[in-house]
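**Q** Handing over final_24.csv, CSV, C-alpha atoms.
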chain,number,residue,atom,x,y,z
V,21,MET,CA,-1.7,11.9,-10.6
V,22,SER,CA,-3.1,8.5,-11.5
V,23,LEU,CA,-3.4,6.0,-8.7
V,24,PRO,CA,-3.1,2.4,-9.9
V,25,ARG,CA,-5.8,-0.1,-9.3
V,26,VAL,CA,-5.2,-3.8,-9.4
V,27,PRO,CA,-7.2,-7.1,-9.0
V,28,LEU,CA,-7.1,-8.3,-5.5
V,29,GLY,CA,-6.0,-11.9,-6.1
V,30,SER,CA,-8.9,-14.0,-7.4
V,31,THR,CA,-11.7,-12.2,-5.4
V,32,GLY,CA,-13.0,-10.2,-8.4
V,33,LEU,CA,-12.4,-7.0,-6.5
V,34,GLU,CA,-10.3,-4.2,-8.0
V,35,VAL,CA,-8.6,-2.0,-5.4
V,36,SER,CA,-6.3,1.0,-5.4
V,37,ARG,CA,-2.8,0.0,-4.5
V,38,LEU,CA,-3.0,2.6,-1.7
V,39,GLY,CA,-5.6,1.7,0.8
V,40,PHE,CA,-6.8,3.8,3.7
V,41,GLY,CA,-5.8,2.3,7.0
V,42,SER,CA,-8.4,3.6,9.4
V,43,LEU,CA,-7.1,2.4,12.7
V,44,PRO,CA,-5.2,5.6,13.6
V,45,LEU,CA,-8.1,8.0,13.2
V,46,GLY,CA,-10.3,6.2,15.8
V,47,PRO,CA,-10.4,6.0,19.6
V,48,MET,CA,-7.5,3.6,19.7
V,49,GLN,CA,-5.1,6.3,18.6
V,50,ALA,CA,-5.8,9.9,17.4
V,51,ASN,CA,-9.5,9.8,18.4
V,52,LEU,CA,-10.6,12.2,15.6
V,53,SER,CA,-14.2,13.3,15.7
V,54,VAL,CA,-16.5,11.6,13.2
V,55,ALA,CA,-16.6,14.7,11.1
V,56,GLU,CA,-12.8,15.1,11.2
V,57,GLY,CA,-12.1,11.5,10.4
V,58,ALA,CA,-14.8,11.4,7.7
V,59,ALA,CA,-13.3,14.5,6.0
V,60,VAL,CA,-9.8,12.8,5.7
V,61,ILE,CA,-11.3,9.6,4.3
V,62,ARG,CA,-13.4,11.5,1.8
V,63,TYR,CA,-10.4,13.5,0.7
V,64,ALA,CA,-8.6,10.3,-0.1
V,65,LEU,CA,-11.7,8.8,-1.9
V,66,GLU,CA,-12.0,11.9,-4.1
V,67,ARG,CA,-8.4,11.5,-5.1
V,68,GLY,CA,-8.6,7.9,-6.2
V,69,VAL,CA,-8.3,5.7,-3.1
V,70,ASN,CA,-11.2,3.2,-3.3
V,71,PHE,CA,-10.1,0.8,-0.5
V,72,ILE,CA,-10.7,1.2,3.2
V,73,ASP,CA,-9.5,-1.2,5.9
V,74,THR,CA,-11.2,-1.2,9.3
V,75,ALA,CA,-12.2,-3.6,12.1
V,76,ALA,CA,-14.7,-4.1,14.8
V,77,ALA,CA,-12.1,-3.2,17.4
V,78,TYR,CA,-11.3,0.1,15.7
V,79,ARG,CA,-14.7,1.6,16.6
V,80,ASN,CA,-14.7,3.9,13.6
V,81,TYR,CA,-17.6,2.7,11.4
V,82,ALA,CA,-19.4,6.0,11.9
V,83,HIS,CA,-16.4,7.9,10.4
V,84,ILE,CA,-16.4,5.6,7.3
V,85,ARG,CA,-20.2,5.8,6.9
V,86,GLN,CA,-20.2,9.6,7.0
V,87,ALA,CA,-17.3,9.7,4.5
V,88,LEU,CA,-19.3,7.6,2.0
V,89,GLN,CA,-22.5,9.7,2.2
V,90,GLY,CA,-23.1,11.2,-1.2
V,91,PHE,CA,-20.0,9.7,-2.7
V,92,GLY,CA,-20.7,8.1,-6.1
V,93,GLY,CA,-17.7,5.9,-6.6
V,94,GLN,CA,-17.3,2.2,-5.9
V,95,VAL,CA,-15.5,1.6,-2.5
V,96,VAL,CA,-14.2,-1.7,-1.3
V,97,ILE,CA,-14.4,-2.0,2.5
V,98,ALA,CA,-12.5,-4.7,4.5
V,99,THR,CA,-13.3,-5.3,8.1
V,100,LYS,CA,-12.2,-7.8,10.8
V,101,THR,CA,-13.6,-9.7,13.7
V,102,GLY,CA,-11.4,-10.6,16.7
V,103,ALA,CA,-14.3,-12.7,18.2
V,104,ARG,CA,-13.6,-15.9,20.0
V,105,THR,CA,-17.0,-17.5,19.5
V,106,TYR,CA,-19.5,-18.0,16.7
V,107,GLU,CA,-22.1,-15.9,18.4
V,108,ARG,CA,-19.7,-13.0,19.0
V,109,ALA,CA,-18.5,-13.1,15.4
V,110,GLN,CA,-22.1,-13.0,14.2
V,111,GLU,CA,-22.7,-9.9,16.4
V,112,ASN,CA,-19.6,-8.3,14.8
V,113,ILE,CA,-20.8,-9.0,11.3
V,114,GLN,CA,-24.3,-7.7,11.9
V,115,ALA,CA,-23.0,-4.6,13.6
V,116,ALA,CA,-20.6,-3.9,10.7
V,117,LEU,CA,-23.4,-4.2,8.2
V,118,SER,CA,-25.7,-1.9,10.2
V,119,GLU,CA,-23.1,0.7,11.3
V,120,LEU,CA,-21.5,1.0,7.9
V,121,GLY,CA,-24.8,1.2,6.2
V,122,VAL,CA,-24.0,-1.5,3.6
V,123,GLU,CA,-25.7,-4.6,2.4
V,124,ARG,CA,-22.5,-6.7,2.1
V,125,LEU,CA,-19.0,-6.6,3.5
V,126,ASP,CA,-16.6,-6.8,0.6
V,127,ILE,CA,-14.0,-8.5,2.8
V,128,CYS,CA,-14.3,-9.8,6.3
V,129,HIS,CA,-11.1,-11.1,8.1
V,130,LEU,CA,-10.5,-13.4,10.9
V,131,HIS,CA,-8.6,-10.8,13.0
V,132,GLY,CA,-5.6,-13.1,13.8
V,133,ALA,CA,-2.8,-10.6,14.4
V,134,ARG,CA,-0.6,-12.3,17.0
V,135,VAL,CA,-2.6,-15.6,17.2
V,136,THR,CA,-0.2,-18.4,16.1
V,137,ASP,CA,-2.8,-21.1,15.3
V,138,PRO,CA,-6.0,-19.2,14.4
V,139,PHE,CA,-7.6,-21.9,12.3
V,140,VAL,CA,-7.7,-24.1,15.4
V,141,GLU,CA,-8.2,-21.5,18.1
V,142,ARG,CA,-10.8,-19.5,16.1
V,143,GLY,CA,-12.2,-22.3,14.1
V,144,GLU,CA,-15.9,-21.5,14.9
V,145,VAL,CA,-15.3,-17.9,14.1
V,146,LEU,CA,-14.0,-18.8,10.6
V,147,GLN,CA,-17.1,-21.0,10.2
V,148,CYS,CA,-19.3,-18.0,11.0
V,149,LEU,CA,-17.6,-16.0,8.3
V,150,LEU,CA,-18.0,-18.8,5.8
V,151,ASP,CA,-21.7,-19.2,6.7
V,152,TYR,CA,-22.3,-15.4,6.2
V,153,GLN,CA,-20.4,-15.6,2.9
V,154,ALA,CA,-22.8,-18.4,1.8
V,155,LYS,CA,-25.7,-16.1,2.7
V,156,GLY,CA,-24.3,-13.3,0.6
V,157,TYR,CA,-23.4,-10.9,3.4
V,158,ILE,CA,-19.6,-11.3,2.9
V,159,GLY,CA,-17.8,-11.2,-0.4
V,160,ALA,CA,-14.4,-12.6,0.4
V,161,VAL,CA,-13.2,-14.3,3.6
V,162,GLY,CA,-9.7,-13.4,4.8
V,163,ILE,CA,-7.2,-13.4,7.6
V,164,SER,CA,-5.0,-10.7,9.1
V,165,THR,CA,-1.8,-11.9,10.7
V,166,HIS,CA,1.7,-11.0,12.0
V,167,VAL,CA,2.8,-14.6,11.7
V,168,VAL,CA,4.8,-16.0,8.7
V,169,ARG,CA,3.6,-19.6,9.3
V,170,VAL,CA,-0.1,-18.4,9.3
V,171,VAL,CA,0.4,-16.8,5.9
V,172,ARG,CA,1.8,-20.0,4.5
V,173,GLU,CA,-1.1,-22.1,6.0
V,174,ALA,CA,-3.7,-19.6,4.7
V,175,ALA,CA,-2.2,-19.9,1.3
V,176,ASP,CA,-3.1,-23.6,1.2
V,177,ARG,CA,-6.7,-23.1,2.5
V,178,PRO,CA,-9.2,-22.7,-0.3
V,179,GLU,CA,-11.7,-21.0,1.9
V,180,ILE,CA,-9.3,-18.1,2.5
V,181,GLN,CA,-9.3,-15.6,-0.4
V,182,VAL,CA,-7.5,-12.6,1.1
V,183,ILE,CA,-4.5,-12.4,3.4
V,184,HIS,CA,-3.6,-9.2,5.2
V,185,PRO,CA,0.0,-9.7,6.5
V,186,LEU,CA,2.3,-7.5,8.4
V,187,ILE,CA,5.4,-6.6,6.4
V,188,ASN,CA,7.9,-3.8,6.4
V,189,ARG,CA,11.5,-3.4,5.4
V,190,THR,CA,12.9,-4.0,8.9
V,191,GLY,CA,10.6,-6.9,9.9
V,192,LEU,CA,9.3,-4.9,12.9
V,193,GLY,CA,6.4,-6.8,14.5
V,194,ILE,CA,6.7,-10.1,12.6
V,195,ILE,CA,6.2,-12.8,15.2
V,196,ASP,CA,8.2,-15.7,13.8
V,197,GLY,CA,10.7,-14.6,11.3
V,198,THR,CA,12.4,-11.9,9.3
V,199,ALA,CA,11.1,-9.5,6.6
V,200,GLN,CA,12.5,-11.8,4.0
V,201,ASP,CA,10.7,-14.8,5.5
V,202,MET,CA,7.4,-12.9,5.3
V,203,ALA,CA,8.1,-11.7,1.8
V,204,ASP,CA,8.7,-15.3,0.7
V,205,ALA,CA,5.5,-16.4,2.3
V,206,ILE,CA,3.6,-13.5,0.6
V,207,ALA,CA,5.0,-14.5,-2.8
V,208,TYR,CA,3.9,-18.1,-2.2
V,209,ALA,CA,0.4,-17.1,-1.1
V,210,HIS,CA,-0.1,-14.8,-4.1
V,211,ALA,CA,1.0,-17.6,-6.5
V,212,ARG,CA,-1.7,-19.7,-4.9
V,213,GLY,CA,-4.3,-17.0,-6.0
V,214,LYS,CA,-4.7,-15.1,-2.7
V,215,GLY,CA,-5.3,-11.4,-2.6
V,216,ILE,CA,-2.6,-9.8,-0.6
V,217,TYR,CA,-2.7,-6.3,1.0
V,218,ALA,CA,0.0,-5.3,3.4
V,219,MET,CA,-0.2,-3.7,6.9
V,220,LYS,CA,2.3,-1.9,9.1
V,221,VAL,CA,4.4,-0.9,6.2
V,222,LEU,CA,5.7,2.0,8.3
V,223,GLY,CA,6.3,-0.2,11.3
V,224,GLY,CA,3.5,1.4,13.4
V,225,GLY,CA,5.1,4.8,12.6
V,226,ASN,CA,8.6,3.9,13.6
V,227,LEU,CA,9.9,4.0,10.0
V,228,LEU,CA,8.5,7.5,9.3
V,229,THR,CA,12.0,9.0,9.0
V,230,GLN,CA,12.5,6.7,6.0
V,231,ARG,CA,8.9,6.6,4.9
V,232,GLU,CA,9.4,6.9,1.1
V,233,GLU,CA,11.9,4.0,1.1
V,234,ALA,CA,9.7,2.0,3.4
V,235,LEU,CA,6.6,2.4,1.2
V,236,ARG,CA,8.5,1.6,-2.0
V,237,TYR,CA,10.0,-1.5,-0.4
V,238,VAL,CA,6.6,-3.0,0.2
V,239,LEU,CA,5.2,-1.9,-3.2
V,240,ASP,CA,8.0,-3.6,-5.0
V,241,LEU,CA,7.6,-6.9,-3.2
V,242,PRO,CA,6.4,-9.7,-5.5
V,243,GLY,CA,2.8,-10.7,-4.6
V,244,VAL,CA,1.8,-7.5,-2.8
V,245,ASP,CA,-1.4,-6.2,-4.5
V,246,ALA,CA,-1.9,-3.2,-2.2
V,247,ALA,CA,-1.0,-1.7,1.1
V,248,VAL,CA,-3.0,0.2,3.7
V,249,VAL,CA,-1.5,3.2,5.4
V,250,GLY,CA,-2.8,5.2,8.3
V,251,MET,CA,-3.5,8.8,7.3
V,252,LEU,CA,-4.8,11.6,9.6
V,253,LYS,CA,-4.4,14.7,7.4
V,254,PRO,CA,-4.8,15.6,3.8
V,255,GLY,CA,-1.1,16.3,3.5
V,256,GLU,CA,-0.4,12.6,4.4
V,257,VAL,CA,-2.8,11.5,1.8
V,258,ASP,CA,-1.1,13.6,-0.8
V,259,PHE,CA,2.4,12.3,0.1
V,260,ASN,CA,1.3,8.7,-0.1
V,261,LEU,CA,-0.6,9.3,-3.4
V,262,ALA,CA,2.6,10.5,-4.9
V,263,VAL,CA,4.6,7.5,-3.8
V,264,PHE,CA,2.0,5.0,-4.8
V,265,SER,CA,1.5,6.7,-8.2
V,266,GLY,CA,5.3,6.6,-8.9
V,267,GLN,CA,5.6,10.3,-8.8
V,268,PRO,CA,8.5,12.3,-7.3
V,269,VAL,CA,8.0,13.4,-3.8
V,270,THR,CA,8.5,17.1,-3.8
V,271,GLN,CA,9.6,19.2,-0.8
V,272,ALA,CA,6.1,20.7,-0.7
V,273,LEU,CA,4.6,17.2,-0.3
V,274,ALA,CA,7.1,16.4,2.5
V,275,ASP,CA,6.4,19.7,4.2
V,276,GLY,CA,2.7,18.9,4.0
V,277,ALA,CA,3.2,15.7,6.0
V,278,PRO,CA,5.8,16.6,8.5
V,279,VAL,CA,7.3,13.8,10.6
V,280,ALA,CA,7.8,16.2,13.5
V,281,ALA,CA,4.1,16.4,14.0
V,282,LYS,CA,4.0,12.8,15.1
V,283,ARG,CA,4.0,11.5,18.6
V,284,LEU,CA,4.7,8.2,20.3
V,285,VAL,CA,1.8,6.6,22.1
V,286,ILE,CA,1.5,3.4,24.2
V,287,PRO,CA,-2.2,2.5,24.6
V,288,PRO,CA,-2.6,1.4,28.2
V,289,HIS,CA,-4.8,-1.6,27.3
V,290,LEU,CA,-2.0,-3.0,25.2
V,291,CYS,CA,0.9,-2.4,27.7
V,292,LYS,CA,1.7,-5.3,30.0
V,293,GLY,CA,4.1,-3.2,32.1
V,294,CYS,CA,7.2,-5.4,31.5
V,295,GLY,CA,9.5,-2.3,31.4
V,296,GLU,CA,11.6,-3.5,28.4
V,297,CYS,CA,10.9,-0.3,26.5
V,298,VAL,CA,12.0,1.8,29.4
V,299,ALA,CA,15.4,0.1,29.5
V,300,ALA,CA,15.8,0.4,25.7
V,301,CYS,CA,15.0,4.2,25.5
V,302,PRO,CA,18.3,6.1,25.1
V,303,ASN,CA,16.6,9.4,25.9
V,304,GLY,CA,15.0,8.7,29.3
V,305,ALA,CA,11.6,9.4,27.8
V,306,LEU,CA,9.8,6.3,29.1
V,307,THR,CA,8.9,5.5,32.7
V,308,LEU,CA,6.6,3.0,34.4
V,309,VAL,CA,3.6,4.7,36.1
V,310,ASN,CA,1.0,2.4,37.8
V,311,GLU,CA,2.7,-0.5,35.9
V,312,LYS,CA,2.1,1.0,32.5
V,313,SER,CA,4.8,2.6,30.3
V,314,THR,CA,4.4,6.3,30.0
V,315,VAL,CA,6.0,8.7,27.5
V,316,ASP,CA,7.5,12.1,28.3
V,317,PRO,CA,6.9,14.0,25.0
V,318,GLU,CA,9.5,16.6,25.9
V,319,LYS,CA,12.2,13.9,25.9
V,320,CYS,CA,11.0,11.6,23.1
V,321,LEU,CA,12.9,12.0,19.9
V,322,LEU,CA,10.8,9.4,17.9
V,323,CYS,CA,14.0,7.3,17.4
V,324,GLY,CA,12.1,4.1,17.5
V,325,TYR,CA,14.6,2.1,19.7
V,326,CYS,CA,11.8,1.2,22.1
V,327,SER,CA,9.4,-0.4,19.6
V,328,PRO,CA,11.5,-3.6,18.6
V,329,VAL,CA,11.6,-4.7,22.2
V,330,CYS,CA,7.9,-4.6,22.8
V,331,SER,CA,6.5,-8.1,22.7
V,332,GLU,CA,2.9,-6.7,22.5
V,333,PHE,CA,3.7,-4.4,19.5
V,334,ALA,CA,2.0,-1.7,21.5
V,335,ILE,CA,4.3,1.2,20.8
V,336,ARG,CA,3.2,3.4,17.9
V,337,VAL,CA,4.0,6.8,16.4
V,338,ILE,CA,1.0,8.6,15.2
Go ahead and render the structure in this file as structure tokens.
**A**
Amino acid sequence: MSLPRVPLGSTGLEVSRLGFGSLPLGPMQANLSVAEGAAVIRYALERGVNFIDTAAAYRNYAHIRQALQGFGGQVVIATKTGARTYERAQENIQAALSELGVERLDICHLHGARVTDPFVERGEVLQCLLDYQAKGYIGAVGISTHVVRVVREAADRPEIQVIHPLINRTGLGIIDGTAQDMADAIAYAHARGKGIYAMKVLGGGNLLTQREEALRYVLDLPGVDAAVVGMLKPGEVDFNLAVFSGQPVTQALADGAPVAAKRLVIPPHLCKGCGECVAACPNGALTLVNEKSTVDPEKCLLCGYCSPVCSEFAIRVI
């Protein structure tokens, strides 16, 4: 199957429409070994994926570096810094260059996520990215965000070349609006020349039962150049390749990426212990233990009713 590649806005970069979302394979979620994680990434690269999304917080640069060893193709790597100071952002950039073993970061984002006014709150971090871009260590400067208003503001900022917005068919995780609000902002930003690649297209795993429809929804949105999807197994890569290549999803592909193999996780460092998810669970699978929400896998049916009530977007299916 032929995986489409497209220009990423006006950056001069050409990326596969399917990007490898690396967060799930690292210590924040599945915690695959370097060898295991590198093998999955390499499997995707050898089948046409040339775009990898990571971040300083994901702590998986070693996985990516090993996957790239001996690979002859061109690979676009996007990373992010969640730093709050110029000095810390500088450390993140230098660590990324060193640990990935590259001379330049193709894209480096201001890791905004839930920050509602990042250009003010993280202004010195943005300046650090621009300074390193001027020195040739960063190709394109971008921002990742869950906020509709930030997408629209970034669209009008010439220094921002790439936007990495949260978008999925239900609007799960969007801070200040609906899926349609975000879709409209994306279309506006793309018309302004920004490269757009989507995140959380499966709602952190909560849309897996409708995954083909969820993927196609985002792919069909005006202005979306590409989307990154977390993948932990070759079968998941194959399933996503079929969808992104416009091929039919066979039963064999679906069987190779079974939804039943997933599990719900709530990273303790993200849970604030409010208990809203406990009250929302219709299966009695969630309880508060030491002021943190805890999952009973024997009772969890992966229905996803808990995720929309989590203000921290901490609940994930992996």
**Q** Each residue of region 33-106 of chain V lying at most 12 Å from region 198-222 of chain V should get a row with its shortest atom-to-atom pair and the distance in Å to one decimal, counting all atoms listed in the file; could you produce that, ordered by chain and increasing number, as CSV?
**A**
residue,atom,partner,partner_atom,distance
V:Leu33,CA,V:Gly215,CA,9.2
V:Glu34,CA,V:Gly215,CA,10.3
V:Val35,CA,V:Tyr217,CA,9.7
V:Ser36,CA,V:Tyr217,CA,10.4
V:Arg37,CA,V:Tyr217,CA,8.4
V:Leu38,CA,V:Tyr217,CA,9.3
V:Gly39,CA,V:Tyr217,CA,8.5
V:Phe40,CA,V:Met219,CA,10.5
V:Gly41,CA,V:Met219,CA,8.2
V:Ser42,CA,V:Met219,CA,11.3
V:Leu43,CA,V:Met219,CA,10.9
V:Pro44,CA,V:Lys220,CA,11.5
V:Phe71,CA,V:Tyr217,CA,10.4
V:Ile72,CA,V:Tyr217,CA,11.2
V:Asp73,CA,V:Met219,CA,9.7
V:Thr74,CA,V:Met219,CA,11.5
V:Ala98,CA,V:Tyr217,CA,10.5
**Q** Grab the residues selected above and save them as a short mmCIF file (atom, residue, chain, number, x, y, z; two decimals), keeping the file's coordinate frame with C-alpha atoms.
**A**
data_model
loop_
_atom_site.label_atom_id
_atom_site.label_comp_id
_atom_site.auth_asym_id
_atom_site.auth_seq_id
_atom_site.Cartn_x
_atom_site.Cartn_y
_atom_site.Cartn_z
CA LEU V 33 -12.40 -7.00 -6.50
CA GLU V 34 -10.30 -4.20 -8.00
CA VAL V 35 -8.60 -2.00 -5.40
CA SER V 36 -6.30 1.00 -5.40
CA ARG V 37 -2.80 0.00 -4.50
CA LEU V 38 -3.00 2.60 -1.70
CA GLY V 39 -5.60 1.70 0.80
CA PHE V 40 -6.80 3.80 3.70
CA GLY V 41 -5.80 2.30 7.00
CA SER V 42 -8.40 3.60 9.40
CA LEU V 43 -7.10 2.40 12.70
CA PRO V 44 -5.20 5.60 13.60
CA PHE V 71 -10.10 0.80 -0.50
CA ILE V 72 -10.70 1.20 3.20
CA ASP V 73 -9.50 -1.20 5.90
CA THR V 74 -11.20 -1.20 9.30
CA ALA V 98 -12.50 -4.70 4.50
#
**Q** For each of V:Tyr152, V:Phe264, V:Phe333, V:Phe259, take the minimum atom-to-atom distance to Val285 (chain V), counting only C-alpha atoms, then give the residue where this is smallest.
**A** V:Phe333
**Q** When you draw a straight line from CA of Lys100 (chain V) to CA of Asp126 (chain V), how long is it in Å?
**A** 11.2 Å
**Q** For Leu117 (chain V), which of V:Phe91, V:Tyr237, V:Tyr78, V:Tyr157 is the closest residue, counting all atoms listed in the file?
**A**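 Between V:Phe91, V:Tyr237, V:Tyr78, V:Tyr157, the residue approaching Leu117 (chain V) most closely is V:Tyr157.
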**Q** Fewer than 5 positions away in the same chain doesn't count, so skip those; otherwise give me all residues within 10 Å of Cys128 (chain V), counting only C-alpha atoms, as a ChimeraX atom specification.
**A** /V:73-75,97-101,113,116,146,149-150,152-153,157-164,182
**Q** Out of V:Val244, V:Ile180, V:Cys320, V:Val269, which residue has the shortest atom-to-atom distance to Arg283 (chain V) when counting all atoms listed in the file?
**A**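 Smallest distance to Arg283 (chain V) is found for V:Cys320.
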**Q** Quick one: pull the distance between CA of His184 (chain V) and CA of Leu52 (chain V), Å, one decimal.
**A** 24.8 Å
**Q** What is the CA of Thr229 (chain V) to CA of Glu56 (chain V) distance in Å?
**A**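 CA of Glu56 (chain V) lies at a distance of 25.6 Å from CA of Thr229 (chain V).
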**Q** Using all atoms of region 294-299 of chain V listed in the file and a margin of 5 Å per side, can you give the axis-aligned box centre and edge lengths in Å to one decimal, as JSON?
**A**
{"center_x": 11.3, "center_y": -1.8, "center_z": 29.0, "size_x": 18.2, "size_y": 17.2, "size_z": 15.0}
**Q** Which residues, written as a count of residues only, have at least one atom at most 9 Å from Arg104 (chain V), with all atoms listed in the file counted and residues fewer than 6 positions away on the same chain left out?
**A** 5
**Q** Show me, as a ChimeraX atom specification, the residues that have an atom within 7 Å of region 295-312 of chain V when counting all atoms listed in the file, minus same-chain residues fewer than 3 positions from it.
**A** /V:288,291-292,315-316,319-320,325-326,329-330
**Q** Sort by chain and increasing residue number a table of all residues of region 175-258 of chain V within 10 Å of region 270-273 of chain V, each with its closest pair of atoms and their distance in Å to one decimal, counting all atoms listed in the file, and write it as a Markdown table.
**A**
| residue | atom | partner | partner_atom | distance |
| --- | --- | --- | --- | --- |
| V:Gly255 | CA | V:Leu273 | CA | 6.9 |
| V:Glu256 | CA | V:Leu273 | CA | 8.3 |
| V:Val257 | CA | V:Leu273 | CA | 9.6 |
| V:Asp258 | CA | V:Leu273 | CA | 6.8 |
**Q** Which residues, written as a list of chain:residue names, have at least one atom at most 7 Å from Ala133 (chain V), with all atoms listed in the file counted and residues fewer than 2 positions away on the same chain left out?
**A**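 Close residues of Ala133 (chain V): V:His131, V:Val135, V:Ser164, V:Thr165, V:His166.
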**Q** Nearest to Phe139 (chain V) among V:Ala234, V:Ile127, V:Leu261, V:Val171, with distances taken over all atoms listed in the file: which residue is it?
**A** V:Val171
